[in-house]
Amino acid sequence: MLNHRHGNGCRFIVVTGGVISGLGKGVTTASIAALLQAQGYKVTSIKIDPYINVDAGTMRPTEHGEVYVTYDGGETDQDLGTYERFLGVPMSKENSITTGQVYQTVIAKERNLEYDGKCVEVIPHIPQEVERRVKEVAKNTKADFVMIEVGGTSGDYQNVLFLDAFRRMHLAGDPVAFVHVVYLPIPGNLGEMKTKPAQLSVRMLYEVGVTPDFIVTRSSKPLDAPRREKIGTFCNVAPTRVISNPDLPTTYQVPDHLEEQGMTKELLTLFDLPYKPNRLAAWKTLVKKISNAKKPARIGIVGKYFDIGDFTLEDSYISVIEAIKTACWHNGAKPEIVWINAKDFEKDPKKLNSLDNLNGVIVPGGFGGSGVEGKIAAIQYCREHKIPYLGLCYGLQMAVIEFARHVAGLVGANTTEINPKTKHPVIIILPEQAKNVKAKHYGATMRLGNWTATLKPNTKVWQLYGKKTQVVERHRHRYEVNPDYISQLEQAGLVFSGASPDRKLMEYVELPDHPFFVATQAHPEFTSRALEPNPLFNGFVKACLSK
Ligand code: GLN
């Protein structure tokens, strides 16, 4: 439905989903954003999560997927990571909106008498707060386009108030377009692509007053002409605005695929804006690199989130996986990720030999005691057998413990997260964080978001970051290297190659006499982009390829 889409202000594109969850709405949203960005527009993207949690920080990764961390310390849904990887633009925590946040604000305002004695109601006050938040993002980012991905599917009880907000904005004359992403099943017994569930999901959007402008079809196969026509007719959309988005070898092929079908042009036409052809050179180069990548790089991720089956595994580590993949492609290598259950090494240390078959090993972030001794054993094996190692957050803490125990002679060294009574607490909780934990204030109480590190010249980390003396990376942790042990560890040969400018917080460690043994207290996976891998991952993969 076209409605006042002209003008110079910010435009909004609302992306909804139908038929099933887990459709790839995030990738579709990010890809459309990338297309508009390539046209020269300033684009940002909001994720709406209809749950009551104020943020994703208190949720288990096995339940919710990875907790992504924004530069300003937001703990958000992993889709914000997808947006950053595709756009190369940092997203603020304001770009993550949950039902919990919206109600929290409305209730706080009511207690503050900000509604002038009115009866405060779900409608209109909740949609009004949603609108306020979305427009605040538009204002703060000065974006030409704000993408808004609404979590869940049409027909869900939970996202109706959000859809109502965008229906109201559209009705009031704000430039809003609706893109509905649907799933087209191909039942095995029929072998035929079916459109009925998609049609019904559009009908459920109508029920809340939303008419889609575009239908994007997700399926294992491309959409054919008769079905494109059928969906157009029954969903009241021109066939040129029915866009096929089949499974592709990688998600980074999606922008080009949508562009090829004329989606950018159609979208800009809807907003009365001109279309410029041939703007996707950078994405085409990436796609070429991906298909040309031949040399396999076998990289092991030693983790512990294996307890609830295979299906959530990738989601829990999505940023790490994507950072590995892009670093591989940029180095002409074909990534092969090997999942390693840390607990296997605890049960059977002989299994450590299997690490010899890898080009490199990563111990990613983690919490709690499960699988910790297995991780430490894997790190020891990598250190002693010169296997490239990259430690991320917990992976740094485990590397420090391993070095303390087996090189510095600090028997029984540990983190107080696991053994509060350890004789050698090489990893400890800082007093400010300890207060929060004691008071059970777990939500958003960690060292979060961007923190600066000063790098030591002539170290590997300094080289990897292009000899910069100061770098900024994202953080999400409570524990730190214990300052009391630093000189002892240094004397034994561990190099602290980066620390906070006041040198109180250790940020990077490395070993000089090793092909690649680097660990960081930060999460460099969160700043790795599709078109530009993070320097640590890039260096790690380079080392892996020469193993
Ligand atoms: N559990 C560790 C801490 O809280 C590491 C956290 C992480 O890896 N993100 O410090």
# chains A, B, ... in the order shown; residues from 1 in each chain; ligands from 1
call {"tool": "closest_atom_pairs", "arguments": {"of": "chain A", "to": "ligand 1", "cutoff": "10 Å", "atoms": "only C-alpha atoms and all ligand atoms", "output": "Markdown table"}}
result
| residue | atom | partner | partner_atom_place_in_ligand_line | distance |
| --- | --- | --- | --- | --- |
| A:Val67 | CA | ligand 1 | 9 (N) | 9.6 |
| A:Val363 | CA | ligand 1 | 8 (O) | 9.2 |
| A:Pro364 | CA | ligand 1 | 8 (O) | 6.6 |
| A:Gly365 | CA | ligand 1 | 8 (O) | 3.1 |
| A:Gly366 | CA | ligand 1 | 8 (O) | 4.1 |
| A:Phe367 | CA | ligand 1 | 1 (N) | 3.8 |
| A:Gly368 | CA | ligand 1 | 1 (N) | 6.2 |
| A:Gly369 | CA | ligand 1 | 1 (N) | 9.0 |
| A:Gly391 | CA | ligand 1 | 8 (O) | 9.4 |
| A:Leu392 | CA | ligand 1 | 8 (O) | 6.7 |
| A:Cys393 | CA | ligand 1 | 8 (O) | 4.2 |
| A:Tyr394 | CA | ligand 1 | 8 (O) | 3.7 |
| A:Gly395 | CA | ligand 1 | 8 (O) | 6.9 |
| A:Leu396 | CA | ligand 1 | 8 (O) | 8.4 |
| A:Gln397 | CA | ligand 1 | 5 (C) | 7.3 |
| A:Met398 | CA | ligand 1 | 5 (C) | 9.3 |
| A:Thr415 | CA | ligand 1 | 2 (C) | 8.9 |
| A:Thr416 | CA | ligand 1 | 10 (O) | 9.9 |
| A:Glu417 | CA | ligand 1 | 1 (N) | 7.0 |
| A:Ile418 | CA | ligand 1 | 1 (N) | 9.2 |
| A:Ile427 | CA | ligand 1 | 10 (O) | 8.3 |
| A:Ile428 | CA | ligand 1 | 10 (O) | 8.3 |
| A:Ile429 | CA | ligand 1 | 10 (O) | 7.6 |
| A:Leu430 | CA | ligand 1 | 10 (O) | 9.9 |
| A:Gln433 | CA | ligand 1 | 4 (O) | 9.8 |
| A:Met446 | CA | ligand 1 | 4 (O) | 7.4 |
| A:Arg447 | CA | ligand 1 | 10 (O) | 8.5 |
| A:Leu448 | CA | ligand 1 | 9 (N) | 9.6 |
| A:His475 | CA | ligand 1 | 9 (N) | 7.3 |
| A:Arg476 | CA | ligand 1 | 9 (N) | 4.9 |
| A:His477 | CA | ligand 1 | 4 (O) | 3.7 |
| A:Arg478 | CA | ligand 1 | 4 (O) | 3.9 |
| A:Tyr479 | CA | ligand 1 | 10 (O) | 3.5 |
| A:Glu480 | CA | ligand 1 | 10 (O) | 6.2 |
| A:Val481 | CA | ligand 1 | 10 (O) | 9.3 |
| A:Thr520 | CA | ligand 1 | 8 (O) | 9.9 |
| A:Gln521 | CA | ligand 1 | 8 (O) | 7.8 |
| A:Ala522 | CA | ligand 1 | 9 (N) | 8.0 |
| A:His523 | CA | ligand 1 | 9 (N) | 7.5 |
call {"tool": "residues_around", "arguments": {"residues": "Leu223 (chain A)", "least_positions_apart": "4", "cutoff": "12 Å", "atoms": "only C-alpha atoms", "output": "list in words"}}
result
Val182, Tyr183, Leu184, Pro185, Ile186, Glu192, Met193, Lys194, Thr195, Ile215, Val216, Thr217, Arg218, Ser219, Arg227, Arg228, Glu229, Lys230, Ile231, Pro239, Val242, Ile243, Ser244, Asn245, Pro246, Asp247 and Gln261 of chain A
call {"tool": "closest_residue", "arguments": {"among": "A:Tyr157, A:Phe145, A:Phe537, A:Tyr115", "to": "Val176 (chain A)", "atoms": "only C-alpha atoms"}}
result
A:Phe145
call {"tool": "residues_around", "arguments": {"residues": "region 37-51 of chain A", "least_positions_apart": "6", "cutoff": "7 Å", "atoms": "only C-alpha atoms", "output": "NGL selection string"}}
result
:A and (79-80 or 83 or 95-100 or 143-151 or 158-159 or 276 or 279-280)
call {"tool": "residues_around", "arguments": {"residues": "Phe516 (chain A)", "least_positions_apart": "2", "cutoff": "10 Å", "atoms": "only C-alpha atoms", "output": "JSON, numbers by chain"}}
result
{"A": [360, 382, 383, 386, 387, 388, 389, 390, 460, 510, 511, 512, 513, 514, 518, 519, 539, 540, 541, 542, 543, 544, 547]}
call {"tool": "select_by_dssp", "arguments": {"residues": "region 82-268 of chain A", "states": "helix (DSSP H, G or I)", "output": "PyMOL selection string"}}
result
chain A and resi 82-87+93-95+99-111+122-141+160-171+196-207+225-235+239-241+251-260+263-268
call {"tool": "atom_distance", "arguments": {"atom1": "CA of Gly466 (chain A)", "atom2": "CA of Ile290 (chain A)"}}
result
24.8 Å
call {"tool": "select_by_dssp", "arguments": {"residues": "region 238-347 of chain A", "states": "strand (DSSP E or B)", "output": "count of residues only"}}
result
23
call {"tool": "closest_residue", "arguments": {"among": "A:Asn359, A:Ser354, A:Thr285, A:Pro349", "to": "Ile337 (chain A)", "atoms": "only C-alpha atoms"}}
result
A:Asn359
call {"tool": "closest_residue", "arguments": {"among": "A:Ala408, A:Ile376, A:Val102, A:Met506", "to": "Ile52 (chain A)", "atoms": "only C-alpha atoms"}}
result
A:Val102
call {"tool": "residues_around", "arguments": {"residues": "region 160-169 of chain A", "least_positions_apart": "2", "cutoff": "9 Å", "atoms": "only C-alpha atoms", "output": "PyMOL selection string"}}
result
chain A and resi 14+16+48+50+99+122-124+126-131+150+154-158+171-176+205+208-211
